[in-house]
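Dumped start-v1.cif below, it's mmCIF, C-alpha atoms and all ligand atoms:
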```cif
data_work
#
loop_
_atom_site.label_atom_id
_atom_site.label_comp_id
_atom_site.auth_asym_id
_atom_site.auth_seq_id
_atom_site.Cartn_x
_atom_site.Cartn_y
_atom_site.Cartn_z
CA MET A 1 0.00 0.00 0.00
CA ASN A 2 1.13 3.59 -0.62
CA VAL A 3 1.02 5.94 2.34
CA LEU A 4 1.15 9.73 2.78
CA VAL A 5 2.76 11.11 5.96
CA ILE A 6 2.03 14.75 6.79
CA GLY A 7 4.75 16.80 8.52
CA ASN A 8 8.36 17.77 8.08
CA GLY A 9 10.20 17.27 11.38
CA GLY A 10 12.21 14.65 13.23
CA ARG A 11 9.05 12.97 14.45
CA GLU A 12 7.85 12.44 10.87
CA HIS A 13 11.24 11.10 9.79
CA ALA A 14 11.07 8.60 12.69
CA VAL A 15 7.51 7.58 11.72
CA ILE A 16 8.56 7.09 8.10
CA GLN A 17 11.64 5.07 9.14
CA ALA A 18 9.32 2.77 11.14
CA LEU A 19 6.77 2.49 8.28
CA LYS A 20 9.60 1.61 5.90
CA LYS A 21 10.08 -1.61 7.88
CA SER A 22 6.48 -2.71 7.25
CA PRO A 23 5.96 -5.35 4.58
CA LYS A 24 2.54 -3.75 4.00
CA VAL A 25 3.99 -0.42 2.88
CA GLU A 26 5.27 0.10 -0.65
CA LYS A 27 5.76 3.76 -1.43
CA ILE A 28 5.71 6.65 1.06
CA TYR A 29 4.92 10.27 0.21
CA ALA A 30 5.80 13.03 2.68
CA MET A 31 4.12 16.42 2.84
CA LYS A 32 6.50 18.32 2.99
CA GLY A 33 9.35 16.25 4.34
CA ASN A 34 12.98 17.28 4.80
CA ALA A 35 16.38 16.20 3.42
CA GLY A 36 16.47 12.98 5.48
CA ILE A 37 12.90 12.05 4.60
CA ALA A 38 13.65 12.71 0.92
CA GLN A 39 16.10 9.77 0.98
CA ILE A 40 13.33 7.29 1.74
CA ALA A 41 10.11 8.98 0.61
CA GLU A 42 8.84 11.22 -2.17
CA CYS A 43 8.39 14.75 -0.81
CA VAL A 44 5.46 16.84 -2.00
CA ASP A 45 5.12 20.55 -1.42
CA VAL A 46 1.54 21.27 -0.33
CA ASN A 47 0.43 23.50 2.55
CA TYR A 48 -0.61 20.78 4.98
CA CYS A 49 -2.43 23.24 7.23
CA ASP A 50 -5.01 23.73 4.48
CA PRO A 51 -7.44 20.76 4.80
CA LYS A 52 -8.88 21.34 1.33
CA ALA A 53 -5.45 21.46 -0.33
CA VAL A 54 -4.42 18.22 1.41
CA ALA A 55 -7.61 16.41 0.43
CA ASP A 56 -7.38 17.70 -3.16
CA TRP A 57 -3.88 16.23 -3.39
CA VAL A 58 -5.05 12.88 -2.01
CA ASP A 59 -8.04 12.91 -4.43
CA ALA A 60 -5.56 13.41 -7.27
CA HIS A 61 -3.40 10.46 -6.11
CA PRO A 62 -5.63 7.39 -6.05
CA ASP A 63 -2.59 5.19 -5.37
CA VAL A 64 -2.47 6.63 -1.82
CA ALA A 65 -4.54 4.32 0.39
CA PHE A 66 -3.78 5.81 3.81
CA THR A 67 -2.71 9.17 5.29
CA VAL A 68 -0.96 9.69 8.61
CA VAL A 69 -1.41 13.19 10.06
CA THR A 70 1.29 13.84 12.67
CA PRO A 71 1.63 17.58 13.57
CA ASP A 72 -0.80 19.36 15.91
CA ASP A 73 -1.81 22.22 13.58
CA PRO A 74 -3.32 20.21 10.71
CA LEU A 75 -5.11 18.01 13.27
CA ALA A 76 -6.60 21.04 15.04
CA LEU A 77 -7.57 22.54 11.67
CA GLY A 78 -9.52 19.44 10.63
CA VAL A 79 -7.35 17.74 7.99
CA VAL A 80 -8.55 14.32 9.17
CA ASP A 81 -12.22 15.42 8.99
CA GLU A 82 -11.78 16.66 5.42
CA LEU A 83 -10.03 13.46 4.30
CA GLU A 84 -12.66 11.25 5.94
CA SER A 85 -15.52 13.25 4.45
CA ARG A 86 -14.10 12.42 1.02
CA GLY A 87 -13.86 8.71 1.83
CA HIS A 88 -10.11 8.52 2.53
CA LYS A 89 -8.53 6.63 5.42
CA ALA A 90 -6.60 8.89 7.77
CA PHE A 91 -4.77 8.24 11.04
CA GLY A 92 -5.14 10.97 13.67
CA PRO A 93 -7.90 12.55 15.75
CA ASN A 94 -10.57 14.68 14.08
CA LYS A 95 -10.88 18.38 14.86
CA ALA A 96 -13.23 17.87 17.81
CA ALA A 97 -10.94 15.30 19.47
CA ALA A 98 -7.77 17.30 18.75
CA GLN A 99 -9.14 19.99 21.09
CA ILE A 100 -7.59 17.97 23.91
CA GLU A 101 -4.28 19.54 22.89
CA ALA A 102 -5.43 22.63 21.00
CA SER A 103 -7.20 24.14 24.02
CA LYS A 104 -5.69 23.89 27.48
CA ALA A 105 -8.94 25.28 28.91
CA PHE A 106 -10.83 22.39 27.25
CA SER A 107 -8.43 19.75 28.59
CA LYS A 108 -8.36 21.18 32.13
CA ASN A 109 -12.17 21.33 32.26
CA LEU A 110 -12.36 17.76 30.92
CA MET A 111 -10.05 16.53 33.68
CA LYS A 112 -12.02 18.39 36.36
CA LYS A 113 -15.37 17.05 35.10
CA TYR A 114 -14.18 13.43 34.99
CA GLY A 115 -11.97 13.45 38.11
CA ILE A 116 -8.68 12.89 36.27
CA PRO A 117 -5.74 13.92 38.51
CA THR A 118 -4.12 17.21 37.42
CA ALA A 119 -2.88 20.48 38.94
CA ALA A 120 -5.59 22.73 40.47
CA TYR A 121 -6.33 25.72 38.22
CA GLU A 122 -8.41 28.76 37.33
CA ILE A 123 -9.15 30.04 33.82
CA PHE A 124 -9.30 33.73 32.90
CA ASP A 125 -10.20 35.65 29.77
CA ASP A 126 -10.16 39.01 31.51
CA TYR A 127 -6.81 40.61 32.36
CA GLU A 128 -7.97 42.46 35.50
CA ALA A 129 -9.51 39.31 36.98
CA ALA A 130 -6.35 37.28 36.23
CA LYS A 131 -4.21 40.01 37.78
CA ALA A 132 -6.33 40.14 40.95
CA TYR A 133 -6.04 36.34 41.30
CA VAL A 134 -2.28 36.28 40.75
CA GLU A 135 -1.82 39.04 43.35
CA THR A 136 -2.83 36.63 46.11
CA CYS A 137 -2.36 33.05 44.78
CA ASP A 138 0.32 30.61 46.02
CA ILE A 139 3.77 31.05 44.48
CA PRO A 140 5.39 29.41 42.47
CA VAL A 141 2.57 29.40 39.95
CA VAL A 142 2.28 28.24 36.33
CA LEU A 143 0.71 30.30 33.52
CA LYS A 144 -0.45 28.61 30.32
CA ALA A 145 -1.72 30.30 27.17
CA ASP A 146 -4.90 28.48 26.13
CA GLY A 147 -4.08 27.86 22.45
CA LEU A 148 -1.27 26.21 20.48
CA ALA A 149 1.99 28.14 20.97
CA LEU A 150 4.71 25.79 19.66
CA GLY A 151 5.30 24.38 23.14
CA LYS A 152 6.33 27.84 24.33
CA GLY A 153 3.11 29.12 25.89
CA VAL A 154 3.94 27.96 29.43
CA LEU A 155 5.56 30.17 32.08
CA ILE A 156 6.76 28.75 35.38
CA CYS A 157 6.80 31.78 37.70
CA MET A 158 8.97 31.52 40.80
CA THR A 159 8.04 35.00 42.11
CA ARG A 160 4.82 37.05 42.17
CA GLU A 161 6.51 39.73 40.08
CA GLU A 162 7.27 37.21 37.31
CA ALA A 163 3.67 35.99 37.45
CA LEU A 164 2.24 39.51 37.16
CA ASP A 165 4.60 40.28 34.26
CA GLY A 166 3.65 36.96 32.64
CA ILE A 167 -0.09 37.65 32.79
CA LYS A 168 0.55 41.03 31.19
CA GLU A 169 2.75 39.58 28.42
CA MET A 170 0.19 36.92 27.56
CA MET A 171 -3.05 38.85 27.88
CA LEU A 172 -2.16 42.46 27.06
CA ASP A 173 1.06 42.33 25.00
CA LYS A 174 -0.15 39.17 23.13
CA LYS A 175 3.29 37.55 23.26
CA PHE A 176 1.74 34.27 22.05
CA GLY A 177 -0.81 35.95 19.77
CA SER A 178 -4.43 34.88 20.15
CA ALA A 179 -3.30 31.74 22.05
CA GLY A 180 -3.12 34.07 25.07
CA ASN A 181 -6.68 35.44 24.90
CA LYS A 182 -7.50 32.91 27.57
CA VAL A 183 -4.99 31.92 30.26
CA VAL A 184 -4.91 28.95 32.62
CA VAL A 185 -3.34 29.79 36.01
CA GLU A 186 -2.22 26.56 37.56
CA GLU A 187 -0.82 25.08 40.77
CA PHE A 188 2.94 24.35 40.56
CA LEU A 189 3.66 20.63 40.88
CA GLU A 190 6.95 18.88 41.56
CA GLY A 191 8.33 15.49 40.61
CA PRO A 192 9.94 13.64 37.72
CA GLU A 193 8.19 13.98 34.37
CA VAL A 194 7.46 11.25 31.87
CA SER A 195 5.86 11.16 28.43
CA VAL A 196 3.60 8.19 27.85
CA LEU A 197 2.33 8.08 24.29
CA SER A 198 -0.51 5.69 23.59
CA PHE A 199 -2.40 4.27 20.64
CA THR A 200 -6.15 4.50 20.96
CA ASP A 201 -9.06 3.72 18.65
CA GLY A 202 -11.54 5.53 20.89
CA LYS A 203 -12.27 2.45 23.02
CA THR A 204 -9.07 0.49 23.60
CA VAL A 205 -5.95 2.33 24.77
CA VAL A 206 -2.48 0.77 24.56
CA PRO A 207 0.44 2.66 26.11
CA MET A 208 3.76 2.79 24.27
CA ILE A 209 7.09 2.40 26.02
CA THR A 210 7.78 5.45 28.24
CA SER A 211 10.25 8.25 27.52
CA CYS A 212 11.62 11.43 29.10
CA ASP A 213 12.11 14.70 27.24
CA HIS A 214 14.57 17.51 28.02
CA LYS A 215 12.74 20.74 27.23
CA ARG A 216 15.28 23.34 28.33
CA ALA A 217 18.04 24.48 25.98
CA LYS A 218 20.95 24.02 28.41
CA ASP A 219 22.41 21.31 30.62
CA ASN A 220 20.87 20.77 34.08
CA ASP A 221 17.53 21.99 32.71
CA GLU A 222 18.70 25.59 32.49
CA GLY A 223 18.04 28.07 29.68
CA LEU A 224 14.89 28.66 27.67
CA ASN A 225 12.14 26.17 26.88
CA THR A 226 12.54 24.50 23.47
CA GLY A 227 10.58 21.96 21.45
CA GLY A 228 12.79 19.28 23.11
CA MET A 229 16.59 18.83 23.13
CA GLY A 230 16.77 15.09 23.60
CA THR A 231 15.01 12.04 24.98
CA PHE A 232 15.61 8.65 26.50
CA SER A 233 13.47 5.57 26.87
CA PRO A 234 12.31 3.96 29.11
CA ALA A 235 11.79 6.06 32.29
CA PRO A 236 13.48 4.11 35.13
CA PHE A 237 10.96 5.26 37.76
CA TYR A 238 7.92 4.05 35.81
CA GLY A 239 7.33 0.40 36.62
CA GLU A 240 4.29 -1.88 36.63
CA LYS A 241 2.75 -0.27 39.71
CA THR A 242 2.77 3.20 38.19
CA ALA A 243 1.64 1.87 34.81
CA LYS A 244 -1.40 0.30 36.50
CA GLU A 245 -2.22 3.51 38.38
CA VAL A 246 -1.96 5.53 35.15
CA MET A 247 -4.11 3.10 33.17
CA GLU A 248 -6.88 3.07 35.83
CA LYS A 249 -6.87 6.70 36.91
CA ILE A 250 -5.75 8.54 33.78
CA MET A 251 -5.70 6.67 30.47
CA LEU A 252 -9.00 4.78 30.52
CA PRO A 253 -10.89 7.67 32.19
CA THR A 254 -9.57 10.07 29.50
CA VAL A 255 -10.56 7.83 26.59
CA LYS A 256 -14.00 7.27 28.17
CA ALA A 257 -14.40 11.00 28.87
CA MET A 258 -13.71 11.87 25.24
CA GLN A 259 -16.27 9.27 24.18
CA ALA A 260 -18.84 10.62 26.65
CA GLU A 261 -18.25 14.14 25.32
CA GLY A 262 -19.04 12.92 21.79
CA ARG A 263 -15.42 13.40 20.74
CA PRO A 264 -14.00 9.86 20.56
CA PHE A 265 -10.22 10.13 20.17
CA LYS A 266 -8.56 7.98 17.51
CA GLY A 267 -4.82 8.23 16.96
CA VAL A 268 -1.89 8.83 19.28
CA LEU A 269 -2.88 10.30 22.61
CA TYR A 270 0.16 11.62 24.46
CA PHE A 271 0.05 11.83 28.26
CA GLY A 272 2.58 14.27 29.74
CA LEU A 273 2.69 13.09 33.36
CA MET A 274 4.37 14.00 36.63
CA LYS A 275 5.08 11.58 39.49
CA THR A 276 4.16 13.74 42.48
CA LYS A 277 4.07 12.81 46.17
CA LYS A 278 0.29 12.60 45.76
CA GLY A 279 0.43 10.22 42.81
CA MET A 280 0.61 10.52 39.02
CA LYS A 281 -0.86 13.73 37.58
CA VAL A 282 -1.48 14.98 34.06
CA ILE A 283 0.65 17.99 33.09
CA GLU A 284 -0.60 18.05 29.51
CA TYR A 285 -2.22 16.05 26.74
CA ASN A 286 -1.02 16.10 23.17
CA SER A 287 -3.08 14.80 20.28
CA ARG A 288 -0.14 13.26 18.43
CA PHE A 289 3.28 11.64 18.63
CA GLY A 290 5.80 13.72 20.66
CA ASP A 291 8.93 15.20 19.17
CA PRO A 292 11.64 14.04 20.05
CA GLU A 293 9.92 11.23 22.04
CA THR A 294 8.98 9.39 18.84
CA GLN A 295 12.66 9.16 17.90
CA VAL A 296 13.34 6.92 20.93
CA VAL A 297 9.98 5.16 21.19
CA LEU A 298 9.49 3.84 17.67
CA PRO A 299 12.93 2.17 17.41
CA MET A 300 11.82 0.06 20.42
CA LEU A 301 8.58 -1.05 18.71
CA LYS A 302 8.70 -4.68 17.54
CA THR A 303 5.19 -4.74 16.03
CA ASP A 304 4.45 -3.50 12.50
CA LEU A 305 3.49 0.19 12.87
CA MET A 306 1.29 0.12 9.75
CA GLU A 307 -0.70 -2.75 11.21
CA ILE A 308 -1.32 -0.67 14.35
CA PHE A 309 -2.32 2.43 12.34
CA GLU A 310 -4.85 0.41 10.36
CA ALA A 311 -6.26 -1.23 13.49
CA VAL A 312 -6.75 2.21 15.09
CA VAL A 313 -8.60 3.58 12.06
CA ASP A 314 -10.74 0.43 11.79
CA GLU A 315 -11.44 0.45 15.56
CA ARG A 316 -10.06 -3.02 16.23
CA LEU A 317 -6.98 -2.16 18.28
CA ASP A 318 -7.95 -4.85 20.81
CA GLU A 319 -6.99 -7.46 18.18
CA VAL A 320 -3.35 -6.34 17.88
CA LYS A 321 -0.60 -7.47 20.24
CA ILE A 322 1.88 -4.62 20.58
CA GLU A 323 5.40 -5.57 21.67
CA TRP A 324 8.48 -3.60 22.71
CA SER A 325 12.20 -4.38 22.77
CA ASP A 326 14.18 -4.72 25.97
CA GLY A 327 17.01 -2.27 26.56
CA ALA A 328 17.02 1.47 26.02
CA CYS A 329 17.24 4.20 23.40
CA VAL A 330 18.69 7.73 23.59
CA CYS A 331 18.27 10.66 21.18
CA VAL A 332 20.51 13.74 21.32
CA VAL A 333 19.22 16.75 19.36
CA LEU A 334 21.78 18.84 17.47
CA ALA A 335 20.57 22.44 17.35
CA SER A 336 21.46 25.65 15.53
CA GLY A 337 23.37 28.26 17.57
CA GLY A 338 20.86 30.69 19.08
CA TYR A 339 17.86 28.30 19.07
CA PRO A 340 15.18 28.64 20.54
CA GLU A 341 15.70 32.34 19.80
CA ALA A 342 17.02 33.73 16.49
CA TYR A 343 19.41 31.45 14.58
CA GLU A 344 20.90 31.24 11.09
CA LYS A 345 19.98 28.65 8.46
CA GLY A 346 21.81 27.28 5.43
CA LYS A 347 24.92 26.01 7.29
CA GLU A 348 26.55 23.02 5.62
CA ILE A 349 26.34 19.80 7.66
CA THR A 350 29.13 17.22 7.60
CA ILE A 351 28.58 13.70 8.87
CA GLY A 352 31.58 11.41 9.49
CA ASP A 353 31.57 7.61 9.50
CA LEU A 354 28.92 6.49 11.98
CA GLU A 355 28.52 3.05 13.54
CA LYS A 356 26.00 0.94 11.64
CA ASP A 357 23.37 0.92 14.39
CA ILE A 358 23.23 4.72 14.77
CA VAL A 359 20.08 6.28 13.38
CA VAL A 360 20.22 9.93 12.33
CA VAL A 361 16.77 11.48 12.32
CA HIS A 362 16.52 14.70 10.33
CA ALA A 363 14.41 17.62 11.58
CA GLY A 364 15.42 21.00 10.10
CA THR A 365 17.54 19.98 7.10
CA ALA A 366 17.44 20.73 3.38
CA ILE A 367 19.52 20.19 0.26
CA LYS A 368 20.94 23.39 -1.26
CA ASP A 369 23.23 23.33 -4.32
CA GLY A 370 23.66 19.58 -3.79
CA LYS A 371 24.78 20.01 -0.17
CA LEU A 372 23.09 19.03 3.09
CA VAL A 373 22.37 22.24 5.03
CA THR A 374 20.55 23.36 8.18
CA ALA A 375 17.00 24.63 7.73
CA GLY A 376 15.64 24.88 11.27
CA GLY A 377 16.41 25.30 14.96
CA ARG A 378 16.42 21.63 15.80
CA VAL A 379 18.51 20.22 12.95
CA MET A 380 18.75 16.50 13.62
CA GLY A 381 18.57 13.87 16.34
CA VAL A 382 21.27 11.25 16.82
CA CYS A 383 19.65 8.06 18.13
CA ALA A 384 21.25 4.94 19.55
CA LYS A 385 19.91 1.80 21.16
CA GLY A 386 21.76 -0.05 23.92
CA ASP A 387 21.32 -2.59 26.69
CA THR A 388 21.00 0.25 29.20
CA ILE A 389 20.41 4.01 29.01
CA GLU A 390 24.09 4.55 29.85
CA ASP A 391 25.17 2.28 27.01
CA ALA A 392 22.82 3.99 24.50
CA ARG A 393 23.91 7.39 25.75
CA LYS A 394 27.61 6.69 25.14
CA LYS A 395 26.88 5.51 21.60
CA ALA A 396 24.71 8.52 20.78
CA TYR A 397 27.32 11.00 22.05
CA ALA A 398 30.16 9.25 20.21
CA ALA A 399 28.13 9.68 17.01
CA ALA A 400 27.19 13.30 17.77
CA GLU A 401 30.88 14.18 17.90
CA LYS A 402 31.24 13.09 14.28
CA ILE A 403 28.62 15.52 13.02
CA SER A 404 29.25 19.23 12.64
CA PHE A 405 27.92 22.49 11.26
CA GLU A 406 28.70 26.09 12.11
CA GLY A 407 27.11 27.09 15.41
CA MET A 408 26.01 23.53 16.27
CA TYR A 409 25.25 22.90 19.93
CA TYR A 410 23.71 20.08 21.92
CA ARG A 411 23.05 19.21 25.55
CA LYS A 412 25.70 16.99 27.12
CA ASP A 413 23.44 15.52 29.79
CA ILE A 414 20.70 13.68 27.91
CA GLY A 415 19.93 10.43 29.74
CA ILE A 416 21.43 11.50 33.08
CA LYS A 417 18.29 13.11 34.46
CA TYR A 418 16.33 11.05 37.01
CA ARG A 419 19.26 8.71 37.57
CA ASP A 420 18.82 9.24 41.30
CA VAL A 421 15.04 8.91 41.34
CA GLU A 422 13.95 5.68 42.99
CA ARG A 423 13.55 2.93 40.39
CA GLU A 424 10.37 0.92 40.22
P1 LIG B 501 3.55 21.99 28.65
O1 LIG B 501 3.75 22.85 27.45
O2 LIG B 501 2.17 21.97 29.20
O3 LIG B 501 4.16 20.64 28.45
O4 LIG B 501 4.48 22.59 29.79
C1 LIG B 501 5.85 22.71 29.57
C2 LIG B 501 6.59 22.30 30.81
O5 LIG B 501 6.25 23.15 31.89
C3 LIG B 501 6.24 20.91 31.30
O6 LIG B 501 6.94 19.90 30.64
C4 LIG B 501 6.63 21.01 32.75
O7 LIG B 501 8.01 20.82 32.92
C5 LIG B 501 6.29 22.42 33.09
N1 LIG B 501 4.98 22.47 33.75
C6 LIG B 501 3.77 22.56 33.16
N2 LIG B 501 2.79 22.58 34.07
C7 LIG B 501 3.37 22.52 35.28
C8 LIG B 501 2.89 22.51 36.62
N3 LIG B 501 1.59 22.59 36.91
N4 LIG B 501 3.79 22.42 37.63
C9 LIG B 501 5.13 22.35 37.37
N5 LIG B 501 5.63 22.37 36.13
C10 LIG B 501 4.78 22.44 35.09
N1 LIG B 502 8.30 16.77 23.25
C1 LIG B 502 7.12 17.40 23.61
C2 LIG B 502 6.11 17.50 22.55
O1 LIG B 502 6.19 16.87 21.51
O2 LIG B 502 5.17 18.24 22.73
#
```
What is this structure when it is put down as structure tokens?
Amino acid sequence: MNVLVIGNGGREHAVIQALKKSPKVEKIYAMKGNAGIAQIAECVDVNYCDPKAVADWVDAHPDVAFTVVTPDDPLALGVVDELESRGHKAFGPNKAAAQIEASKAFSKNLMKKYGIPTAAYEIFDDYEAAKAYVETCDIPVVLKADGLALGKGVLICMTREEALDGIKEMMLDKKFGSAGNKVVVEEFLEGPEVSVLSFTDGKTVVPMITSCDHKRAKDNDEGLNTGGMGTFSPAPFYGEKTAKEVMEKIMLPTVKAMQAEGRPFKGVLYFGLMKTKKGMKVIEYNSRFGDPETQVVLPMLKTDLMEIFEAVVDERLDEVKIEWSDGACVCVVLASGGYPEAYEKGKEITIGDLEKDIVVVHAGTAIKDGKLVTAGGRVMGVCAKGDTIEDARKKAYAAAEKISFEGMYYRKDIGIKYRDVERE
């Protein structure tokens, strides 16, 4: 079967690498892809945030039997709805279900209504009311812009002054555009964080192997928030006991809540969780694979990914046995100097001789005048599997040293975090 994958980042390259292994998949198209994706798929240049344009392209390519929609924007804009309305098979939640990520106010209210553990919160769409609340609330406090803001719409405020400035930036200065028209003011929680992606067909939910992201730009979780500077899998503090708690108190209740709301969720539902002293709590939901979580999760998947995608769309996920490898996987993101703030593009990338089992996942790359060049903030992820996280980590860093471009930087401590947290 021929498949279209929508997106152009590291996550999409990792999805396409996994689909390539499926005996069911013949040709893959990527909309729009990047230089790494172009080596294994045919890239097509269509604005994937325009549902009509995407569906028109699929209409014009009857050889494409299945579309995978990975990024949050096209999901929130209804690309899956448009494809389905024209009789095409598409993997990913429809517009109504994608609200679980697209609106933090929606997801917080859903959790409150269905008793799903999360940080206590208040929602404001009026600046003066938000300001009055923040003048007296407990500190630290967390501010979240309601809408999609490229993972940057969250401010952790350690002082009241920061919180008051934050409210002003979001609601009056519109730092995150219209995403800040509504703001969630949330209780600050503490504990190790884990990303648990899951496959769900709206009824059955199957968690993937766990992973941990590193969102800050600098070592020791310092510097600005980014889209993610590296990941490792699995999380050592997430054993069977926690998995059971999360399934009973968070995953099944969420899937059932979405059903009860008339918004059954089909696709990848991502649970961003924190292990607090009072149990596991939801920090955020995403309506899609995580980036760069996917880069360490999918290499551990032993089951055919295409078979899982089809089972989700056909609502028979309960029939598929999903298996994971033992061991660990680490991904180190190589970023452009300056990212997540201003950075230059078009820098030539050189890659030395890498060990055979290293997987380079491209994110912001392009080909210019026949040369591989940088085309984004997060340029590529270097991924390695190993018997342990430490083993995988050493391999990934040895490979990262063989790659270079002007201004390149990466965190040196991916995989070290949570080493001292009690194992389970
Ligand atoms: P989000 O965009 O919702 O994933 O938030 C970005 C990051 O902010 C999370 O990964 C957490 O590290 C942090 N964060 C979000 N909400 C809270 C909270 N209630 N308490 C503490 N940290 C939080
Ligand atoms: N790595 C976090 C995300 O994909 O949102």
Closest contacts (chain A/ligand LIG 501 (chain B), max 10 Å, all atoms listed in the file) as a tab-separated table:
```
residue	atom	partner	partner_atom	distance
A:Glu101	CA	B:LIG501	O2	9.3
A:Lys104	CA	B:LIG501	O2	8.3
A:Thr118	CA	B:LIG501	N3	7.9
A:Ala119	CA	B:LIG501	N3	5.3
A:Ala120	CA	B:LIG501	N3	8.0
A:Tyr121	CA	B:LIG501	N3	8.6
A:Pro140	CA	B:LIG501	N4	8.7
A:Val141	CA	B:LIG501	N4	7.5
A:Val142	CA	B:LIG501	N3	5.7
A:Leu143	CA	B:LIG501	N2	8.0
A:Lys144	CA	B:LIG501	O2	7.2
A:Ala145	CA	B:LIG501	O1	9.2
A:Leu148	CA	B:LIG501	O1	9.2
A:Ala149	CA	B:LIG501	O1	8.5
A:Leu150	CA	B:LIG501	O1	8.4
A:Gly151	CA	B:LIG501	O1	4.8
A:Lys152	CA	B:LIG501	O1	6.4
A:Gly153	CA	B:LIG501	O1	6.5
A:Val154	CA	B:LIG501	O4	5.4
A:Leu155	CA	B:LIG501	O5	7.1
A:Ile156	CA	B:LIG501	N5	6.5
A:Cys157	CA	B:LIG501	C9	9.6
A:Val185	CA	B:LIG501	N3	8.8
A:Glu186	CA	B:LIG501	N3	5.5
A:Glu187	CA	B:LIG501	N3	5.2
A:Phe188	CA	B:LIG501	N4	3.6
A:Leu189	CA	B:LIG501	N4	3.7
A:Glu190	CA	B:LIG501	C9	5.7
A:Gly191	CA	B:LIG501	C9	8.2
A:Pro192	CA	B:LIG501	O7	8.8
A:Glu193	CA	B:LIG501	O7	7.0
A:Val194	CA	B:LIG501	O6	8.8
A:Ser195	CA	B:LIG501	O6	9.1
A:Cys212	CA	B:LIG501	O6	9.8
A:Asp213	CA	B:LIG501	O6	8.1
A:His214	CA	B:LIG501	O6	8.4
A:Lys215	CA	B:LIG501	O6	6.8
A:Arg216	CA	B:LIG501	O7	9.0
A:Asp221	CA	B:LIG501	O7	9.6
A:Asn225	CA	B:LIG501	C1	7.7
A:Thr226	CA	B:LIG501	C1	9.2
A:Gly227	CA	B:LIG501	O1	9.1
A:Gly228	CA	B:LIG501	O6	9.6
A:Phe271	CA	B:LIG501	O3	9.7
A:Gly272	CA	B:LIG501	O3	6.7
A:Leu273	CA	B:LIG501	O6	8.5
A:Met274	CA	B:LIG501	C4	8.3
A:Thr276	CA	B:LIG501	N4	9.9
A:Lys281	CA	B:LIG501	N3	9.2
A:Val282	CA	B:LIG501	N3	8.7
A:Ile283	CA	B:LIG501	N2	5.2
A:Glu284	CA	B:LIG501	O2	4.8
A:Tyr285	CA	B:LIG501	O2	7.8
A:Asn286	CA	B:LIG501	O3	8.7
```
Exercise for the section: Please write as a PyMOL selection string the list of polymer residues whose atoms come within 6 Å of (-8.3, 28.3, 32.4), counting only C-alpha atoms and keeping to the coordinates of the file. Expected result: chain A and resi 105+122-124+183-184
Output of the above residues as an mmCIF file, in the coordinates of the input, restricted to C-alpha atoms:
```
data_model
loop_
_atom_site.group_PDB
_atom_site.id
_atom_site.type_symbol
_atom_site.label_atom_id
_atom_site.label_comp_id
_atom_site.auth_asym_id
_atom_site.auth_seq_id
_atom_site.Cartn_x
_atom_site.Cartn_y
_atom_site.Cartn_z
ATOM 1 C CA ALA A 105 -8.940 25.280 28.910
ATOM 2 C CA GLU A 122 -8.410 28.760 37.330
ATOM 3 C CA ILE A 123 -9.150 30.040 33.820
ATOM 4 C CA PHE A 124 -9.300 33.730 32.900
ATOM 5 C CA VAL A 183 -4.990 31.920 30.260
ATOM 6 C CA VAL A 184 -4.910 28.950 32.620
#
```
Exercise for the section: Find the spatial neighbours of range 12-24 of chain A, counting all atoms listed in the file, within a cut-off of 6 Å - ignore same-chain residues fewer than 2 positions away - and output them as a PyMOL selection string. Expected result: chain A and resi 7+9-10+37+295+304
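Using all atoms listed in the file, the nearest neighbour of ligand LIG 502 (chain B) within the list A:Val297, A:Ala328, A:Ala384, A:Met229 is A:Met229.
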Practice task
Can you work out which one of A:Gly223, A:Pro264, A:Pro62, A:Pro51 has the shortest atom-to-atom distance to Thr200 in chain A, counting all atoms listed in the file?
Solution key: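 Smallest distance to Thr200 in chain A is found for A:Pro264.
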Give me the box for range 8-25 of chain A as lines of an AutoDock Vina configuration file, namely the centre and edge lengths in Å to one decimal of a box along x, y and z that holds every listed atom plus 4 Å on each side.
```
center_x = 7.4
center_y = 6.2
center_z = 8.7
size_x = 17.7
size_y = 31.1
size_z = 19.6
```
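Shortest atom-to-atom contact with ligand LIG 502 (chain B) among A:Glu293, A:Glu84, A:Asp45, A:Glu162: A:Glu293, counting all atoms listed in the file.
Minimum atom-to-atom distance to ligand LIG 502 (chain B), evaluated using all atoms listed in the file, belongs to A:Val196 out of A:Leu83, A:Leu317, A:Ile367, A:Val196.
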Exercise for the section: May I ask for the distance between CA of Ala163 in chain A and CA of Asp219 in chain A, given in Å to one decimal place? Expected result: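 Between CA of Ala163 in chain A and CA of Asp219 in chain A the gap is 24.8 Å.
The interatomic distance for the pair CA of Lys266 in chain A and CA of Pro93 in chain A works out to 4.9 Å.
Comparing A:Phe405, A:Tyr339, A:Trp324, A:Phe232 by their smallest distance to Gly352 in chain A, the closest is A:Phe405 (using only C-alpha atoms).
Comparing A:Asp413, A:Glu401, A:Glu307, A:Asp291 by their smallest distance to ligand LIG 502 (chain B), the closest is A:Asp291 (using all atoms listed in the file).
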Problem - Close residues, Val69 in chain A itself excluded, 7 Å, only C-alpha atoms, min 5 positions apart in chain, as an MDAnalysis selection string - result: chainID A and resid 5:6 75 91:92
Exercise for the section: Would you kindly return, as a ChimeraX atom specification, each protein, DNA or RNA residue with an atom no farther than 12 Å from any atom of Tyr238 in chain A, considering only C-alpha atoms and excluding same-chain residues fewer than 2 positions away? Expected result: /A:192-196,209-212,233-236,240-246,273-275,279-280,418,421-424
